[in-house]
Amino acid sequence: MSSGRDEDSLTWDGDDDPTLDAGAAAPALPDGFTAVGRGSGEVGHIAEDGTISPAGAPAPLGNALLVAFGVIGGVYALYVVGWIVGGLRLQGTANFLVSPVGYGASLWLAAAAPVLWFATAYIVTRASKSWVRIAWLVAGLALLVPWPFILVGALGTVA
């Protein structure tokens, strides 16, 4: 006695193919359309090349946002250079107040802070709106200004 679909009165070759299961396909809409209502978070998007992105997948970044990230990332890179140059200019003066080991550790932590802020803000705000991500990155630009470089400069002297 056979079991399964072999006993069905109407069978065709390939009926057992799992890719033919119509219930397994997730609903998807073409780009430009938005699902609303109950279950709208489970609807994916169909790209122009026919591939289906799953529901909840982050949308690709636009050109303006990529340029903004590049500019902000470049300013953060300049901040790293500013912290290193400004901190090394103050090293001789600061050794009167702080131990050389403590000053060296704080200098390299200060130089790493812009990189850590950019990476953290970029990763943590991945699921947020674009303006939230930009706001955190701009807040880092305001908080991590390399004051030793600005006040002393690359060629200035401490009075």
# chains A, B, ... in the order shown; residues from 1 in each chain; ligands from 1
>>> select_by_dssp(residues="segment 38-112 of chain A", states="strand (DSSP E or B)", output="list in words")
Gly44, His45, Ile46, Ile52 and Ser53 of chain A
>>> closest_residue(among="A:Val80, A:Gly37, A:Ile123, A:Pro30", to="Trp108 of chain A", atoms="only C-alpha atoms")
A:Val80
>>> residues_around(residues="segment 124-136 of chain A", least_positions_apart="6", cutoff="9 Å", atoms="only C-alpha atoms", output="tab-separated table (two decimals) with C-alpha atoms, in the first residue's frame")
chain	number	residue	atom	x	y	z
A	58	PRO	CA	16.15	48.53	5.17
A	61	LEU	CA	20.42	54.91	0.96
A	65	LEU	CA	22.33	60.72	2.10
A	68	ALA	CA	26.06	63.64	3.47
A	69	PHE	CA	27.65	60.57	5.12
A	72	ILE	CA	30.37	64.09	7.70
A	117	TRP	CA	31.12	58.03	17.55
A	118	PHE	CA	30.67	57.77	13.78
>>> atom_distance(atom1="atom CA of Tyr79 of chain A", atom2="atom CA of Thr93 of chain A")
21.4 Å
>>> closest_residue(among="A:Gly74, A:Gly32, A:Pro148, A:Gly102", to="Leu90 of chain A", atoms="only C-alpha atoms")
A:Pro148
>>> residues_around(residues="Phe149 of chain A", least_positions_apart="4", cutoff="9 Å", atoms="only C-alpha atoms", output="PDB file with N, CA and C atoms, in the first residue's frame")
ATOM      1  N   GLY A  82      43.080  66.467  13.843  1.00  0.00           N
ATOM      2  CA  GLY A  82      43.145  67.624  14.727  1.00  0.00           C
ATOM      3  C   GLY A  82      43.455  67.238  16.160  1.00  0.00           C
ATOM      4  N   TRP A  83      42.842  66.157  16.652  1.00  0.00           N
ATOM      5  CA  TRP A  83      43.127  65.711  18.020  1.00  0.00           C
ATOM      6  C   TRP A  83      44.574  65.235  18.156  1.00  0.00           C
ATOM      7  N   ILE A  84      45.062  64.546  17.148  1.00  0.00           N
ATOM      8  CA  ILE A  84      46.444  64.050  17.227  1.00  0.00           C
ATOM      9  C   ILE A  84      47.434  65.214  17.171  1.00  0.00           C
ATOM     10  N   VAL A  85      47.287  66.098  16.195  1.00  0.00           N
ATOM     11  CA  VAL A  85      48.227  67.218  16.039  1.00  0.00           C
ATOM     12  C   VAL A  85      48.143  68.155  17.240  1.00  0.00           C
ATOM     13  N   GLY A  86      46.938  68.535  17.635  1.00  0.00           N
ATOM     14  CA  GLY A  86      46.783  69.438  18.777  1.00  0.00           C
ATOM     15  C   GLY A  86      47.260  68.818  20.075  1.00  0.00           C
ATOM     16  N   GLY A  87      46.972  67.527  20.255  1.00  0.00           N
ATOM     17  CA  GLY A  87      47.410  66.849  21.469  1.00  0.00           C
ATOM     18  C   GLY A  87      48.916  66.704  21.548  1.00  0.00           C
ATOM     19  N   ARG A  89      51.041  68.767  20.195  1.00  0.00           N
ATOM     20  CA  ARG A  89      51.578  70.104  20.443  1.00  0.00           C
ATOM     21  C   ARG A  89      51.536  70.453  21.924  1.00  0.00           C
ATOM     22  N   VAL A 145      34.698  68.446  18.876  1.00  0.00           N
ATOM     23  CA  VAL A 145      35.585  69.435  18.253  1.00  0.00           C
ATOM     24  C   VAL A 145      36.982  69.308  18.870  1.00  0.00           C
ATOM     25  N   GLY A 153      46.607  75.417  17.728  1.00  0.00           N
ATOM     26  CA  GLY A 153      46.929  75.336  16.303  1.00  0.00           C
ATOM     27  C   GLY A 153      48.111  74.419  16.065  1.00  0.00           C
ATOM     28  N   ALA A 154      48.415  74.228  14.816  1.00  0.00           N
ATOM     29  CA  ALA A 154      49.516  73.341  14.463  1.00  0.00           C
ATOM     30  C   ALA A 154      50.857  73.995  14.668  1.00  0.00           C
TER      31      ALA A 154
END
>>> closest_residue(among="A:Leu29, A:Leu66, A:Ala35, A:Val81", to="Thr51 of chain A", atoms="only C-alpha atoms")
A:Leu29
